Every structure is written in C-alpha cells, then in structure tokens.
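What follows is model-v8.cif (mmCIF, C-alpha atoms).
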```cif
data_entry
#
loop_
_atom_site.label_atom_id
_atom_site.label_comp_id
_atom_site.auth_asym_id
_atom_site.auth_seq_id
_atom_site.Cartn_x
_atom_site.Cartn_y
_atom_site.Cartn_z
CA MET A 11 127.56 -116.08 -76.41
CA GLU A 12 125.31 -114.79 -73.64
CA SER A 13 123.19 -111.62 -73.79
CA HIS A 14 123.66 -110.20 -70.30
CA MET A 15 125.61 -107.17 -71.59
CA LYS A 16 123.90 -106.82 -74.96
CA ASP A 17 123.73 -103.20 -76.18
CA LYS A 18 126.43 -102.18 -73.67
CA ILE A 19 129.61 -100.56 -74.94
CA CYS A 20 132.73 -101.34 -72.91
CA MET A 21 136.31 -100.09 -73.22
CA VAL A 22 139.10 -102.16 -71.68
CA THR A 23 142.64 -100.74 -71.66
CA GLY A 24 145.71 -102.92 -71.72
CA ALA A 25 143.52 -105.61 -73.24
CA THR A 26 145.86 -107.41 -75.64
CA SER A 27 147.18 -109.72 -72.90
CA GLY A 28 146.81 -110.77 -69.28
CA ILE A 29 143.97 -109.55 -67.10
CA GLY A 30 142.80 -107.05 -69.71
CA LEU A 31 142.43 -109.72 -72.38
CA ALA A 32 140.52 -112.01 -70.01
CA THR A 33 138.25 -109.11 -69.00
CA ALA A 34 137.55 -108.12 -72.61
CA GLN A 35 136.83 -111.72 -73.57
CA ALA A 36 134.38 -112.21 -70.69
CA LEU A 37 132.49 -109.01 -71.54
CA ALA A 38 132.35 -110.05 -75.19
CA GLN A 39 131.06 -113.45 -74.09
CA GLN A 40 128.25 -111.62 -72.29
CA GLY A 41 127.26 -109.88 -75.53
CA ALA A 42 128.83 -106.44 -75.08
CA THR A 43 130.42 -104.31 -77.75
CA VAL A 44 134.03 -104.31 -76.56
CA ILE A 45 136.76 -101.83 -77.45
CA VAL A 46 140.17 -103.43 -76.90
CA VAL A 47 142.83 -100.79 -76.28
CA GLY A 48 146.47 -101.67 -76.89
CA ARG A 49 149.57 -100.08 -78.35
CA ASN A 50 150.75 -102.85 -80.70
CA PRO A 51 148.70 -103.13 -83.92
CA GLU A 52 149.66 -106.74 -84.61
CA LYS A 53 148.75 -107.87 -81.09
CA ALA A 54 145.52 -105.86 -81.20
CA THR A 55 144.49 -107.42 -84.51
CA THR A 56 145.28 -110.93 -83.26
CA THR A 57 143.50 -110.34 -79.96
CA VAL A 58 140.31 -109.10 -81.57
CA ALA A 59 140.25 -112.03 -84.00
CA ARG A 60 140.77 -114.47 -81.13
CA ILE A 61 138.01 -112.96 -78.97
CA ARG A 62 135.57 -112.89 -81.89
CA GLN A 63 136.29 -116.50 -82.73
CA GLU A 64 136.13 -117.81 -79.15
CA THR A 65 132.99 -115.87 -78.15
CA GLY A 66 131.06 -115.71 -81.41
CA ASN A 67 130.71 -111.96 -80.84
CA PRO A 68 131.57 -109.85 -83.90
CA LEU A 69 131.20 -106.59 -81.94
CA VAL A 70 134.80 -106.55 -80.74
CA LYS A 71 137.01 -103.77 -82.06
CA PHE A 72 140.38 -102.31 -81.22
CA MET A 73 141.81 -98.83 -80.82
CA LEU A 74 145.51 -98.10 -80.59
CA ALA A 75 147.23 -95.91 -78.03
CA ASP A 76 150.37 -95.83 -75.92
CA LEU A 77 148.71 -94.87 -72.66
CA SER A 78 151.90 -93.52 -71.13
CA VAL A 79 151.70 -90.66 -73.65
CA GLN A 80 149.11 -87.99 -72.91
CA ALA A 81 148.73 -86.92 -76.55
CA GLU A 82 147.80 -90.50 -77.45
CA ILE A 83 145.29 -90.70 -74.60
CA ARG A 84 143.66 -87.54 -75.93
CA ARG A 85 143.62 -88.93 -79.46
CA LEU A 86 142.08 -92.18 -78.21
CA ALA A 87 139.29 -90.29 -76.44
CA ARG A 88 138.57 -88.18 -79.55
CA GLU A 89 138.59 -91.25 -81.79
CA PHE A 90 136.23 -93.13 -79.49
CA GLN A 91 133.81 -90.21 -79.25
CA SER A 92 133.80 -89.78 -83.02
CA ARG A 93 132.69 -93.42 -83.44
CA TYR A 94 130.43 -94.00 -80.45
CA SER A 95 127.76 -91.91 -78.77
CA ARG A 96 127.81 -93.82 -75.47
CA LEU A 97 130.13 -95.66 -73.08
CA ASP A 98 128.62 -97.93 -70.46
CA VAL A 99 131.77 -99.36 -68.90
CA LEU A 100 135.35 -98.10 -68.76
CA VAL A 101 137.87 -100.59 -67.36
CA ASN A 102 141.17 -98.83 -66.61
CA ASN A 103 143.49 -101.82 -66.59
CA ALA A 104 146.70 -100.88 -68.43
CA GLY A 105 149.82 -100.70 -66.29
CA GLY A 106 153.44 -101.66 -65.88
CA PHE A 107 156.28 -102.24 -63.45
CA PHE A 108 159.63 -100.53 -63.99
CA LEU A 109 162.67 -101.75 -62.10
CA LYS A 110 164.74 -98.78 -63.22
CA ARG A 111 163.50 -95.20 -63.28
CA GLN A 112 162.56 -93.97 -66.73
CA LEU A 113 160.54 -91.10 -68.12
CA SER A 114 157.50 -91.05 -70.38
CA ALA A 115 157.36 -89.02 -73.58
CA ASP A 116 155.91 -86.22 -71.45
CA GLY A 117 158.89 -86.25 -69.09
CA ILE A 118 156.95 -87.90 -66.26
CA GLU A 119 158.20 -90.88 -64.25
CA MET A 120 156.86 -93.85 -66.18
CA THR A 121 155.12 -95.73 -63.36
CA LEU A 122 153.16 -92.64 -62.36
CA ALA A 123 152.39 -91.80 -66.00
CA LEU A 124 151.14 -95.22 -67.04
CA ASN A 125 149.63 -96.69 -63.86
CA TYR A 126 147.88 -93.58 -62.56
CA LEU A 127 147.85 -90.45 -64.72
CA ASN A 128 146.65 -92.57 -67.63
CA PHE A 129 143.56 -93.53 -65.59
CA PHE A 130 143.04 -89.96 -64.42
CA LEU A 131 143.27 -88.36 -67.87
CA LEU A 132 141.37 -90.96 -69.90
CA THR A 133 138.53 -91.06 -67.38
CA HIS A 134 138.21 -87.29 -67.38
CA LEU A 135 138.19 -87.11 -71.18
CA LEU A 136 135.42 -89.73 -71.37
CA LEU A 137 133.46 -88.53 -68.36
CA ASP A 138 130.82 -86.56 -70.26
CA THR A 139 130.15 -89.62 -72.43
CA LEU A 140 129.87 -91.84 -69.35
CA LYS A 141 127.48 -89.39 -67.68
CA ALA A 142 125.33 -89.23 -70.80
CA SER A 143 125.21 -93.05 -70.81
CA ALA A 144 124.26 -93.41 -67.13
CA PRO A 145 123.92 -95.74 -65.41
CA ALA A 146 127.57 -96.35 -66.27
CA ARG A 147 130.57 -97.85 -64.54
CA ILE A 148 134.27 -97.07 -64.13
CA VAL A 149 136.50 -99.91 -62.95
CA ASN A 150 140.06 -99.10 -61.83
CA VAL A 151 142.58 -101.91 -61.40
CA SER A 152 144.73 -101.22 -58.35
CA SER A 153 146.63 -103.64 -56.09
CA ALA A 154 146.93 -104.69 -52.46
CA VAL A 155 150.45 -103.22 -52.48
CA HIS A 156 148.80 -99.82 -52.03
CA LYS A 157 148.34 -100.70 -48.35
CA ASN A 158 152.07 -100.37 -47.68
CA ALA A 159 152.53 -97.26 -49.80
CA ARG A 160 152.29 -93.53 -49.31
CA ILE A 161 152.03 -90.53 -51.59
CA ASP A 162 155.34 -88.69 -51.31
CA PHE A 163 154.38 -85.25 -52.53
CA GLU A 164 157.97 -84.02 -52.08
CA ASN A 165 159.31 -86.82 -54.28
CA LEU A 166 156.27 -87.76 -56.35
CA GLN A 167 158.28 -88.65 -59.44
CA ARG A 168 160.92 -90.53 -57.47
CA GLU A 169 163.90 -88.45 -58.56
CA ARG A 170 165.54 -89.39 -55.25
CA LYS A 171 166.09 -93.00 -54.16
CA TYR A 172 164.05 -94.65 -56.90
CA SER A 173 162.53 -98.01 -56.03
CA GLY A 174 160.47 -99.96 -58.55
CA ILE A 175 158.18 -101.43 -55.92
CA GLY A 176 157.94 -98.08 -54.14
CA ALA A 177 156.90 -96.32 -57.34
CA TYR A 178 154.47 -99.12 -58.15
CA GLY A 179 152.88 -99.04 -54.69
CA GLN A 180 152.52 -95.26 -54.81
CA SER A 181 150.84 -95.46 -58.23
CA LYS A 182 148.35 -98.05 -56.98
CA LEU A 183 147.57 -95.99 -53.87
CA ALA A 184 147.03 -93.01 -56.18
CA VAL A 185 144.49 -95.09 -58.13
CA VAL A 186 142.55 -95.84 -54.94
CA LEU A 187 142.63 -92.20 -53.79
CA PHE A 188 141.47 -91.12 -57.25
CA THR A 189 138.66 -93.68 -57.16
CA TYR A 190 137.38 -92.44 -53.81
CA GLU A 191 137.63 -88.76 -54.74
CA LEU A 192 135.96 -89.31 -58.12
CA ALA A 193 133.13 -91.24 -56.46
CA ARG A 194 132.50 -88.25 -54.19
CA ARG A 195 132.47 -85.87 -57.16
CA LEU A 196 130.16 -88.13 -59.21
CA GLU A 197 127.55 -88.45 -56.49
CA GLY A 198 124.07 -88.24 -58.01
CA THR A 199 125.20 -88.87 -61.61
CA GLN A 200 124.54 -92.64 -61.70
CA VAL A 201 128.13 -93.17 -62.78
CA THR A 202 129.84 -95.52 -60.34
CA VAL A 203 133.57 -95.95 -59.83
CA ASN A 204 135.29 -98.72 -57.92
CA ALA A 205 138.84 -100.04 -57.53
CA LEU A 206 140.04 -103.59 -57.12
CA HIS A 207 142.89 -105.92 -56.27
CA PRO A 208 143.21 -108.67 -58.91
CA GLY A 209 145.51 -110.87 -56.82
CA LEU A 210 149.01 -112.06 -57.68
CA VAL A 211 148.53 -112.84 -61.36
CA ALA A 212 150.88 -114.46 -63.87
CA THR A 213 151.09 -111.74 -66.56
CA ASN A 214 153.82 -110.01 -68.53
CA ILE A 215 153.49 -106.75 -66.57
CA ALA A 216 157.20 -106.75 -65.69
CA ALA A 217 158.52 -108.25 -68.92
CA ASN A 218 160.38 -105.06 -69.75
CA ASN A 219 162.79 -105.61 -66.85
CA GLY A 220 165.06 -108.11 -68.56
CA TRP A 221 166.98 -110.84 -66.76
CA LEU A 222 165.42 -110.21 -63.34
CA PHE A 223 161.95 -110.82 -64.72
CA LYS A 224 163.13 -113.98 -66.48
CA LEU A 225 164.70 -115.23 -63.26
CA PHE A 226 161.52 -114.97 -61.23
CA THR A 227 158.96 -115.76 -63.94
CA PRO A 228 158.97 -119.57 -63.44
CA LEU A 229 158.39 -119.21 -59.69
CA GLY A 230 155.79 -116.51 -60.20
CA ARG A 231 153.81 -118.60 -62.63
CA PHE A 232 153.88 -121.51 -60.20
CA ILE A 233 152.31 -119.57 -57.30
CA ALA A 234 150.25 -116.96 -59.17
CA LEU A 235 146.69 -116.89 -60.43
CA SER A 236 145.99 -117.25 -64.12
CA PRO A 237 144.91 -114.06 -65.96
CA LYS A 238 141.40 -115.51 -66.20
CA GLU A 239 141.29 -115.97 -62.41
CA GLY A 240 142.80 -112.54 -61.81
CA ALA A 241 140.22 -110.87 -64.05
CA GLN A 242 137.21 -112.13 -62.11
CA THR A 243 136.80 -109.05 -59.91
CA SER A 244 137.20 -106.70 -62.89
CA ILE A 245 134.52 -108.65 -64.74
CA TYR A 246 132.27 -108.65 -61.67
CA LEU A 247 132.51 -104.88 -61.19
CA ALA A 248 132.03 -104.23 -64.91
CA SER A 249 128.96 -106.40 -65.40
CA SER A 250 127.32 -107.86 -62.31
CA PRO A 251 123.82 -106.62 -61.37
CA GLU A 252 124.86 -107.17 -57.75
CA VAL A 253 127.00 -104.02 -57.76
CA ALA A 254 124.66 -101.75 -59.71
CA GLY A 255 124.75 -98.43 -57.87
CA VAL A 256 127.71 -99.43 -55.67
CA THR A 257 130.45 -96.79 -55.78
CA GLY A 258 133.57 -95.63 -54.01
CA LYS A 259 134.63 -99.10 -52.87
CA TYR A 260 137.71 -101.29 -53.11
CA PHE A 261 137.08 -104.93 -54.00
CA ASP A 262 139.04 -108.13 -53.57
CA LYS A 263 137.64 -111.48 -54.75
CA ASN A 264 134.29 -109.87 -55.63
CA LYS A 265 133.82 -108.45 -52.13
CA ALA A 266 134.33 -104.98 -50.71
CA ALA A 267 137.58 -105.02 -48.73
CA PRO A 268 139.20 -102.73 -46.13
CA LEU A 269 141.82 -100.22 -47.16
CA ALA A 270 144.85 -98.58 -45.62
CA ALA A 271 143.96 -95.57 -43.47
CA THR A 272 145.71 -93.28 -45.97
CA SER A 273 143.18 -94.26 -48.62
CA TYR A 274 140.41 -92.50 -46.69
CA ASP A 275 142.32 -89.23 -46.23
CA GLN A 276 140.33 -86.66 -48.22
CA ALA A 277 142.99 -83.98 -47.81
CA ILE A 278 145.59 -86.21 -49.48
CA ALA A 279 143.09 -87.20 -52.19
CA GLN A 280 142.22 -83.58 -52.95
CA ARG A 281 145.87 -82.51 -53.06
CA LEU A 282 146.67 -85.39 -55.40
CA TRP A 283 143.70 -84.43 -57.57
CA GLU A 284 144.93 -80.85 -57.93
CA ILE A 285 148.45 -81.98 -58.81
CA SER A 286 147.05 -84.48 -61.32
CA ILE A 287 145.00 -81.74 -63.00
CA GLU A 288 148.21 -79.74 -63.46
CA MET A 289 150.24 -82.72 -64.70
CA THR A 290 147.64 -83.66 -67.30
CA GLY A 291 146.84 -80.12 -68.42
CA LEU A 292 143.13 -80.49 -67.74
#
```

Written as structure tokens, that's how I'd like the structure from this file.
Amino acid sequence: MESHMKDKICMVTGATSGIGLATAQALAQQGATVIVVGRNPEKATTTVARIRQETGNPLVKFMLADLSVQAEIRRLAREFQSRYSRLDVLVNNAGGFFLKRQLSADGIEMTLALNYLNFFLLTHLLLDTLKASAPARIVNVSSAVHKNARIDFENLQRERKYSGIGAYGQSKLAVVLFTYELARRLEGTQVTVNALHPGLVATNIAANNGWLFKLFTPLGRFIALSPKEGAQTSIYLASSPEVAGVTGKYFDKNKAAPLAATSYDQAIAQRLWEISIEMTGL
C-alpha cells in the first residue's frame, strides 16, 4: 500500500464492480479511506473484503443505496455525514443502460434518474461537507456519446419515441452540462469538479437487458478496455497532484479533451439546472 492519499476520505458510487471497483481499489492502494457505495449487501461485503485483502488497507468500508431512488440517496448522504466529518473526493460513477423505457421508484425515466439526477442530488447533499474539506474534488463519469446527444426539454423523460442509446447519450450530456455549471458556481471554493470519458469498457452496465446484452457481450469484451484500464482517468482526476486546482474540464485518457458545442451552452446548462432542482426537490 502506498501513502499518496493517506488521510483522504473518498466515496465511489457504483463501486462493487467494473470501473467503480477498479477506482475504489486504486484509491485504497494509495492509502485513502474509501467508501464503496453499492445496492447489493452481499456484493458490497465481498468487494470490501477483496479490496482490503489485495491492498492491505483496512480503511475500506461500504454503504448501501439504490441510487435510482432519491430517498435512498438522501439516506446515504445523512448516513455518511453522521459517520464522517469530511469528504475529500466524491466519484460519481454509478450508472446503467436501459434498452426499454422504465421508471424509477420516483416515477422518473430510469436512465435520467440513475445516470444524471443521482449525480446532481448526491453532490448537492454532500456539497457543504466537500466545501468544509477543501481542497476537495468531484469526479463525474460521463461518456463520449454525449457529443452526439442533445437535451430534449420537451421530451426529457423520453415518453415519446424511447431509444436506449438516445436516453443514455442525453444523460451523459446532462452530466457534462452539470459539471460545467457546478464548476462555475463553485468558483473560489477550492472544490473542483471535472467530467471524463472512460472509454469503451467491458463492464456489466447493460446486463439488465437480457438476450441482447448476452449476444453482444463476447464481441464487446474482445474489443473493449478492461475495467482497470477504463478507470485510469477517474483515478487520475481523483488523486493526481497534476490536476490539483483544475476544474470545469472534460478528460479523456488523462488529458483535457474538446466537447460538443452544446456542452458550452450556459443557457441550456442553467435551464437543466433549474429543472433538476425541481425534479430532486432541492
């Protein structure tokens, strides 16, 4: 175990598998206290035991929450703040892909609820703790698919002509717009926020889609990055001294990368922010 992140407290969502697990393990390897967030207690227990064993770091814990459910996000934030007085790094990683339209427990289209509103609500609930811990970092996992997406304010929840990839792209563009707008609002606080593209990674993000997922999984795993490779930019933004103070950027392969023109539209970002406040009851 290294000591680069010693005395730092990091929360990684969606950390019981895939990119999240690899990110949590790397931060634990660097000596951080790591909070693994997942929804399955058995997987969370196994994951924490594995990370502790492989890194030699006993300061790895788990907290349970279904991050598509706003009540559980609120409970997670309260539970964290009751146990810890600081938060140095928040990695918003949890997400999913839904081939067929479905609704969250709050009646919100699931892709929007899990991939975007989850980030928006959890970050806001933990923002005072992050500010009090400054310098602190927020890392938002997005995707390059945002470049071909748009925010359809007239059909935000995809009631009409649902497309899994369309909903996914919109959610990832929303993450980038949120990142940029939050960076503007956090100016002067020493809390940085950046988004990233992990690459095409072999994970179970679409495992809920049945036979179609099983059909393409062998091919996907042949051409895709491993979760460890896909987590590198998340790890870099969460821990590297090279990006201390860097905020409001989108990274790919540890380097700031260009975005779609829509990503820079402050009017769209502000409108999305206002709608998100309403949808999360903040």

### Task
Considering only C-alpha atoms, return as JSON, numbers by chain whatever protein or nucleic-acid residues lie within 8 Å of Leu124 (chain A), sequence-local ones (same chain, fewer than 4 positions apart) excluded.
{"A": [77, 78, 104, 105, 106, 120, 128, 129]}

### Message
Quick check on the file I pasted: which residues fall under the PyMOL selection byres ((chain A and resi 247) around 9)? Write them as a ChimeraX atom specification.
### Response
/A:147-149,204-206,242-246,248-254,261,264

### Task
For Gly66 (chain A), please output as a PyMOL selection string all residues within 8 Å (counting all atoms listed in the file; exclusion window: fewer than 3 positions along the same chain).
chain A and resi 11+39+61-63

Written selection (C-alpha atoms) as a PDB file, keeping the file's coordinate frame:
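And here's again_30.pdb as it stands now:
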```
ATOM      1  CA  MET A  11     127.560-116.080 -76.410  1.00  0.00           C
ATOM      2  CA  GLN A  39     131.060-113.450 -74.090  1.00  0.00           C
ATOM      3  CA  ILE A  61     138.010-112.960 -78.970  1.00  0.00           C
ATOM      4  CA  ARG A  62     135.570-112.890 -81.890  1.00  0.00           C
ATOM      5  CA  GLN A  63     136.290-116.500 -82.730  1.00  0.00           C
TER       6      GLN A  63
END
```

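Among the candidate residues A:Ala87, A:Glu284, A:Gln112, A:Gly255, the one lying nearest to Gly198 (chain A) is A:Gly255, with distances computed using only C-alpha atoms.
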
### Query
Applied to the shown file, which residues does the PyMOL selection byres ((chain A and resi 47) around 12) return, written as an MDAnalysis selection string?
chainID A and resid 20:27 30:31 33:34 44:46 48:51 53:55 57:58 70:77 82:83 86:87 89:90 100:104 132
